[in-house]
>>> print(open('work_35.cif').read())   # mmCIF, N, CA and C atoms
data_query
#
loop_
_atom_site.label_atom_id
_atom_site.label_comp_id
_atom_site.auth_asym_id
_atom_site.auth_seq_id
_atom_site.Cartn_x
_atom_site.Cartn_y
_atom_site.Cartn_z
N MET A 1 -48.20 -53.08 -33.89
CA MET A 1 -47.77 -51.79 -34.40
C MET A 1 -47.65 -50.77 -33.28
N GLY A 2 -48.44 -50.84 -32.24
CA GLY A 2 -48.42 -49.91 -31.13
C GLY A 2 -47.11 -49.99 -30.36
N LYS A 3 -46.55 -51.21 -30.21
CA LYS A 3 -45.29 -51.36 -29.48
C LYS A 3 -44.13 -50.73 -30.23
N ILE A 4 -44.15 -50.82 -31.54
CA ILE A 4 -43.08 -50.24 -32.35
C ILE A 4 -43.10 -48.72 -32.23
N LYS A 5 -44.27 -48.12 -32.27
CA LYS A 5 -44.38 -46.66 -32.12
C LYS A 5 -43.85 -46.23 -30.75
N LEU A 6 -44.19 -46.99 -29.71
CA LEU A 6 -43.73 -46.67 -28.37
C LEU A 6 -42.21 -46.76 -28.28
N ILE A 7 -41.64 -47.79 -28.87
CA ILE A 7 -40.18 -47.97 -28.84
C ILE A 7 -39.49 -46.84 -29.60
N VAL A 8 -40.02 -46.47 -30.75
CA VAL A 8 -39.45 -45.38 -31.54
C VAL A 8 -39.56 -44.07 -30.76
N LEU A 9 -40.70 -43.84 -30.15
CA LEU A 9 -40.89 -42.62 -29.36
C LEU A 9 -39.90 -42.57 -28.20
N LEU A 10 -39.70 -43.68 -27.50
CA LEU A 10 -38.74 -43.73 -26.40
C LEU A 10 -37.32 -43.50 -26.91
N ALA A 11 -36.96 -44.09 -28.03
CA ALA A 11 -35.62 -43.93 -28.59
C ALA A 11 -35.37 -42.47 -28.97
N VAL A 12 -36.32 -41.84 -29.60
CA VAL A 12 -36.18 -40.45 -30.00
C VAL A 12 -36.07 -39.56 -28.76
N THR A 13 -36.90 -39.81 -27.76
CA THR A 13 -36.86 -39.03 -26.52
C THR A 13 -35.51 -39.18 -25.83
N LEU A 14 -35.01 -40.40 -25.71
CA LEU A 14 -33.70 -40.61 -25.09
C LEU A 14 -32.60 -39.94 -25.89
N GLY A 15 -32.69 -39.99 -27.20
CA GLY A 15 -31.69 -39.33 -28.04
C GLY A 15 -31.68 -37.83 -27.84
N LEU A 16 -32.86 -37.24 -27.78
CA LEU A 16 -32.95 -35.80 -27.55
C LEU A 16 -32.45 -35.41 -26.16
N LEU A 17 -32.78 -36.21 -25.17
CA LEU A 17 -32.32 -35.92 -23.81
C LEU A 17 -30.80 -36.01 -23.71
N SER A 18 -30.23 -37.04 -24.31
CA SER A 18 -28.77 -37.17 -24.23
C SER A 18 -28.07 -36.07 -25.02
N PHE A 19 -28.66 -35.63 -26.12
CA PHE A 19 -28.10 -34.52 -26.88
C PHE A 19 -28.13 -33.25 -26.05
N GLY A 20 -29.23 -33.00 -25.37
CA GLY A 20 -29.37 -31.81 -24.54
C GLY A 20 -28.39 -31.79 -23.38
N TRP A 21 -28.12 -32.93 -22.80
CA TRP A 21 -27.19 -32.98 -21.67
C TRP A 21 -25.75 -32.76 -22.12
N ASN A 22 -25.46 -33.00 -23.37
CA ASN A 22 -24.10 -32.84 -23.87
C ASN A 22 -23.89 -31.50 -24.57
N MET A 23 -24.88 -30.65 -24.53
CA MET A 23 -24.75 -29.34 -25.17
C MET A 23 -23.77 -28.49 -24.36
N PRO A 24 -22.90 -27.75 -25.04
CA PRO A 24 -21.99 -26.87 -24.31
C PRO A 24 -22.76 -25.71 -23.68
N VAL A 25 -22.27 -25.25 -22.56
CA VAL A 25 -22.89 -24.13 -21.88
C VAL A 25 -22.46 -22.85 -22.57
N ILE A 26 -23.42 -22.04 -22.92
CA ILE A 26 -23.13 -20.78 -23.59
C ILE A 26 -23.33 -19.66 -22.57
N SER A 27 -22.30 -18.87 -22.36
CA SER A 27 -22.44 -17.76 -21.44
C SER A 27 -22.33 -16.46 -22.23
N TYR A 28 -23.07 -15.50 -21.81
CA TYR A 28 -23.07 -14.22 -22.48
C TYR A 28 -22.42 -13.18 -21.58
N ALA A 29 -21.52 -12.43 -22.14
CA ALA A 29 -20.84 -11.39 -21.36
C ALA A 29 -21.76 -10.19 -21.23
N ALA A 30 -21.68 -9.57 -20.08
CA ALA A 30 -22.48 -8.38 -19.82
C ALA A 30 -21.77 -7.16 -20.39
N SER A 31 -22.56 -6.18 -20.82
CA SER A 31 -21.96 -4.93 -21.28
C SER A 31 -21.56 -4.12 -20.05
N GLN A 32 -20.67 -3.21 -20.23
CA GLN A 32 -20.12 -2.44 -19.13
C GLN A 32 -21.08 -1.36 -18.66
N THR A 33 -21.41 -1.37 -17.38
CA THR A 33 -22.26 -0.34 -16.79
C THR A 33 -21.58 0.33 -15.60
N SER A 34 -20.53 -0.33 -15.08
CA SER A 34 -19.83 0.26 -13.93
C SER A 34 -18.34 0.41 -14.22
N CYS A 35 -17.74 1.35 -13.56
CA CYS A 35 -16.32 1.67 -13.72
C CYS A 35 -15.48 0.50 -13.19
N PRO A 36 -14.49 0.04 -13.97
CA PRO A 36 -13.67 -1.08 -13.50
C PRO A 36 -12.71 -0.70 -12.37
N VAL A 37 -12.54 0.59 -12.14
CA VAL A 37 -11.61 1.04 -11.09
C VAL A 37 -12.35 1.23 -9.77
N MET A 38 -13.34 2.11 -9.75
CA MET A 38 -14.04 2.45 -8.51
C MET A 38 -15.43 1.81 -8.39
N GLY A 39 -15.96 1.31 -9.49
CA GLY A 39 -17.26 0.65 -9.44
C GLY A 39 -18.46 1.57 -9.63
N GLY A 40 -18.21 2.87 -9.83
CA GLY A 40 -19.31 3.81 -10.03
C GLY A 40 -19.94 3.67 -11.41
N LYS A 41 -21.05 4.36 -11.61
CA LYS A 41 -21.73 4.36 -12.90
C LYS A 41 -20.84 5.05 -13.93
N VAL A 42 -20.72 4.44 -15.12
CA VAL A 42 -19.83 4.99 -16.13
C VAL A 42 -20.41 6.25 -16.77
N ASP A 43 -19.50 7.12 -17.19
CA ASP A 43 -19.83 8.31 -17.97
C ASP A 43 -19.27 8.02 -19.36
N GLU A 44 -20.13 7.87 -20.34
CA GLU A 44 -19.68 7.46 -21.68
C GLU A 44 -18.81 8.50 -22.38
N LYS A 45 -18.63 9.66 -21.77
CA LYS A 45 -17.73 10.67 -22.32
C LYS A 45 -16.29 10.43 -21.86
N ILE A 46 -16.13 9.58 -20.85
CA ILE A 46 -14.80 9.30 -20.29
C ILE A 46 -14.47 7.84 -20.59
N PHE A 47 -13.50 7.64 -21.48
CA PHE A 47 -13.17 6.28 -21.88
C PHE A 47 -11.72 6.19 -22.34
N ALA A 48 -11.25 4.95 -22.45
CA ALA A 48 -9.93 4.67 -23.02
C ALA A 48 -10.10 3.59 -24.06
N ASP A 49 -9.40 3.73 -25.17
CA ASP A 49 -9.34 2.69 -26.18
C ASP A 49 -8.03 1.95 -26.01
N TYR A 50 -8.13 0.63 -25.81
CA TYR A 50 -6.95 -0.17 -25.54
C TYR A 50 -7.08 -1.51 -26.25
N LYS A 51 -6.15 -1.77 -27.17
CA LYS A 51 -6.12 -3.04 -27.91
C LYS A 51 -7.47 -3.39 -28.53
N GLY A 52 -8.08 -2.41 -29.17
CA GLY A 52 -9.35 -2.64 -29.86
C GLY A 52 -10.57 -2.66 -28.96
N GLN A 53 -10.39 -2.34 -27.69
CA GLN A 53 -11.50 -2.34 -26.76
C GLN A 53 -11.69 -0.94 -26.18
N ARG A 54 -12.94 -0.58 -25.96
CA ARG A 54 -13.25 0.71 -25.36
C ARG A 54 -13.76 0.45 -23.93
N VAL A 55 -13.07 1.06 -22.97
CA VAL A 55 -13.41 0.91 -21.56
C VAL A 55 -13.88 2.26 -21.03
N TYR A 56 -15.03 2.26 -20.37
CA TYR A 56 -15.62 3.49 -19.84
C TYR A 56 -15.33 3.62 -18.34
N PHE A 57 -15.31 4.88 -17.86
CA PHE A 57 -14.97 5.16 -16.47
C PHE A 57 -15.97 6.14 -15.88
N CYS A 58 -15.95 6.23 -14.55
CA CYS A 58 -16.85 7.16 -13.86
C CYS A 58 -16.25 8.56 -13.77
N CYS A 59 -14.90 8.65 -13.83
CA CYS A 59 -14.24 9.96 -13.70
C CYS A 59 -12.85 9.90 -14.34
N THR A 60 -12.25 11.05 -14.54
CA THR A 60 -10.93 11.10 -15.18
C THR A 60 -9.84 10.51 -14.28
N GLY A 61 -10.04 10.54 -12.97
CA GLY A 61 -9.08 9.93 -12.06
C GLY A 61 -8.97 8.42 -12.29
N CYS A 62 -10.09 7.79 -12.52
CA CYS A 62 -10.09 6.35 -12.80
C CYS A 62 -9.45 6.06 -14.16
N LEU A 63 -9.67 6.94 -15.11
CA LEU A 63 -9.04 6.80 -16.42
C LEU A 63 -7.52 6.81 -16.26
N GLU A 64 -7.01 7.73 -15.44
CA GLU A 64 -5.56 7.82 -15.21
C GLU A 64 -5.03 6.55 -14.55
N LEU A 65 -5.75 6.01 -13.58
CA LEU A 65 -5.32 4.76 -12.93
C LEU A 65 -5.33 3.60 -13.92
N PHE A 66 -6.35 3.54 -14.77
CA PHE A 66 -6.43 2.50 -15.78
C PHE A 66 -5.22 2.55 -16.70
N ASN A 67 -4.87 3.75 -17.14
CA ASN A 67 -3.76 3.91 -18.08
C ASN A 67 -2.42 3.45 -17.49
N LYS A 68 -2.30 3.41 -16.17
CA LYS A 68 -1.07 2.94 -15.54
C LYS A 68 -0.93 1.42 -15.61
N ASP A 69 -2.07 0.69 -15.59
CA ASP A 69 -2.04 -0.78 -15.62
C ASP A 69 -3.33 -1.33 -16.24
N PRO A 70 -3.51 -1.14 -17.56
CA PRO A 70 -4.76 -1.54 -18.21
C PRO A 70 -5.08 -3.03 -18.06
N GLU A 71 -4.07 -3.88 -18.13
CA GLU A 71 -4.31 -5.32 -18.06
C GLU A 71 -4.94 -5.72 -16.73
N LYS A 72 -4.56 -5.06 -15.66
CA LYS A 72 -5.13 -5.34 -14.33
C LYS A 72 -6.64 -5.16 -14.35
N TYR A 73 -7.09 -4.06 -14.94
CA TYR A 73 -8.52 -3.76 -14.93
C TYR A 73 -9.28 -4.58 -15.96
N LEU A 74 -8.64 -4.92 -17.07
CA LEU A 74 -9.30 -5.80 -18.04
C LEU A 74 -9.49 -7.20 -17.46
N LYS A 75 -8.52 -7.68 -16.69
CA LYS A 75 -8.67 -8.98 -16.03
C LYS A 75 -9.80 -8.94 -15.01
N LYS A 76 -9.91 -7.84 -14.29
CA LYS A 76 -10.98 -7.67 -13.32
C LYS A 76 -12.34 -7.71 -14.02
N MET A 77 -12.44 -7.00 -15.14
CA MET A 77 -13.69 -6.98 -15.89
C MET A 77 -14.03 -8.38 -16.40
N ASP A 78 -13.03 -9.08 -16.90
CA ASP A 78 -13.24 -10.43 -17.41
C ASP A 78 -13.73 -11.35 -16.29
N ALA A 79 -13.13 -11.25 -15.12
CA ALA A 79 -13.54 -12.08 -13.98
C ALA A 79 -14.98 -11.80 -13.57
N GLU A 80 -15.43 -10.58 -13.80
CA GLU A 80 -16.81 -10.20 -13.47
C GLU A 80 -17.77 -10.49 -14.62
N GLY A 81 -17.26 -11.02 -15.72
CA GLY A 81 -18.12 -11.34 -16.86
C GLY A 81 -18.51 -10.15 -17.71
N VAL A 82 -17.71 -9.09 -17.62
CA VAL A 82 -18.00 -7.86 -18.37
C VAL A 82 -17.05 -7.77 -19.55
N THR A 83 -17.60 -7.56 -20.73
CA THR A 83 -16.81 -7.42 -21.93
C THR A 83 -16.81 -5.97 -22.39
N PRO A 84 -15.63 -5.37 -22.54
CA PRO A 84 -15.58 -3.99 -23.03
C PRO A 84 -16.15 -3.91 -24.45
N ALA A 85 -16.64 -2.75 -24.78
CA ALA A 85 -17.13 -2.52 -26.15
C ALA A 85 -15.95 -2.54 -27.11
N LYS A 86 -16.22 -2.82 -28.37
CA LYS A 86 -15.17 -2.74 -29.38
C LYS A 86 -14.92 -1.28 -29.72
N THR A 87 -13.67 -0.96 -30.00
CA THR A 87 -13.33 0.40 -30.39
C THR A 87 -13.99 0.68 -31.73
N PRO A 88 -14.76 1.78 -31.81
CA PRO A 88 -15.43 2.10 -33.08
C PRO A 88 -14.44 2.48 -34.17
#
>>> encode(input="work_35.cif", output="structure tokens")
Amino acid sequence: MGKIKLIVLLAVTLGLLSFGWNMPVISYAASQTSCPVMGGKVDEKIFADYKGQRVYFCCTGCLELFNKDPEKYLKKMDAEGVTPAKTP
């Protein structure tokens, strides 16, 4: 009876290990803390709503640059793992 318990224990352990190795990697996006244009600390009073996303900036000059090419800055944020907030 002892050998059967050992075999069952080994089978369960191997099953759990193989399940863990095949688990998909889950990554979590960071919330925005820096301006996507200049990299400064964001001022939550300065923002743009674009396609359901709210993007914050450090100054109105960066807001103006963002409005000229929003996709450029959204791609930059995505590459950095930053997800804009949803538009309220």
>>> closest_residue(input="work_35.cif", among="A:Met38, A:Lys3, A:Lys51, A:Asp43", to="Lys86 of chain A", atoms="only C-alpha atoms")
A:Lys51
>>> closest_residue(input="work_35.cif", among="A:Tyr50, A:Tyr56, A:Tyr73, A:Phe66", to="Thr33 of chain A", atoms="all atoms listed in the file")
A:Tyr56
>>> closest_residue(input="work_35.cif", among="A:Ala85, A:Ile7, A:Phe57, A:Lys76", to="Lys41 of chain A", atoms="only C-alpha atoms")
A:Phe57
>>> residues_near_point(input="work_35.cif", point="(-22.9, -8.6, -19.5)", cutoff="8 Å", atoms="only N, CA and C atoms", output="mmCIF file with N, CA and C atoms, keeping the file's coordinate frame")
data_model
loop_
_atom_site.group_PDB
_atom_site.id
_atom_site.type_symbol
_atom_site.label_atom_id
_atom_site.label_comp_id
_atom_site.auth_asym_id
_atom_site.auth_seq_id
_atom_site.Cartn_x
_atom_site.Cartn_y
_atom_site.Cartn_z
ATOM 1 N N TYR A 28 -23.070 -15.500 -21.810
ATOM 2 C CA TYR A 28 -23.070 -14.220 -22.480
ATOM 3 C C TYR A 28 -22.420 -13.180 -21.580
ATOM 4 N N ALA A 29 -21.520 -12.430 -22.140
ATOM 5 C CA ALA A 29 -20.840 -11.390 -21.360
ATOM 6 C C ALA A 29 -21.760 -10.190 -21.230
ATOM 7 N N ALA A 30 -21.680 -9.570 -20.080
ATOM 8 C CA ALA A 30 -22.480 -8.380 -19.820
ATOM 9 C C ALA A 30 -21.770 -7.160 -20.390
ATOM 10 N N SER A 31 -22.560 -6.180 -20.820
ATOM 11 C CA SER A 31 -21.960 -4.930 -21.280
ATOM 12 C C SER A 31 -21.560 -4.120 -20.050
ATOM 13 N N GLN A 32 -20.670 -3.210 -20.230
ATOM 14 C CA GLN A 32 -20.120 -2.440 -19.130
ATOM 15 C C GLN A 32 -21.080 -1.360 -18.660
ATOM 16 N N THR A 33 -21.410 -1.370 -17.380
ATOM 17 C CA THR A 33 -22.260 -0.340 -16.790
ATOM 18 C C THR A 33 -21.580 0.330 -15.600
ATOM 19 N N GLU A 80 -15.430 -10.580 -13.800
ATOM 20 C CA GLU A 80 -16.810 -10.200 -13.470
ATOM 21 C C GLU A 80 -17.770 -10.490 -14.620
ATOM 22 N N GLY A 81 -17.260 -11.020 -15.720
ATOM 23 C CA GLY A 81 -18.120 -11.340 -16.860
ATOM 24 C C GLY A 81 -18.510 -10.150 -17.710
ATOM 25 N N VAL A 82 -17.710 -9.090 -17.620
ATOM 26 C CA VAL A 82 -18.000 -7.860 -18.370
ATOM 27 C C VAL A 82 -17.050 -7.770 -19.550
ATOM 28 N N THR A 83 -17.600 -7.560 -20.730
ATOM 29 C CA THR A 83 -16.810 -7.420 -21.930
ATOM 30 C C THR A 83 -16.810 -5.970 -22.390
#
>>> residues_around(input="work_35.cif", residues="Pro84 of chain A", least_positions_apart="6", cutoff="6 Å", atoms="all atoms listed in the file", output="PyMOL selection string")
chain A and resi 32+53-55
>>> atom_distance(input="work_35.cif", atom1="atom CA of Cys59 of chain A", atom2="atom CA of Pro36 of chain A")
11.1 Å
>>> atom_distance(input="work_35.cif", atom1="atom C of Met77 of chain A", atom2="atom CA of Val42 of chain A")
14.6 Å
>>> atom_distance(input="work_35.cif", atom1="atom N of Gly52 of chain A", atom2="atom CA of Thr87 of chain A")
6.1 Å
>>> closest_residue(input="work_35.cif", among="A:Cys62, A:Ala79, A:Asp49, A:Lys68", to="Cys35 of chain A", atoms="all atoms listed in the file")
A:Cys62
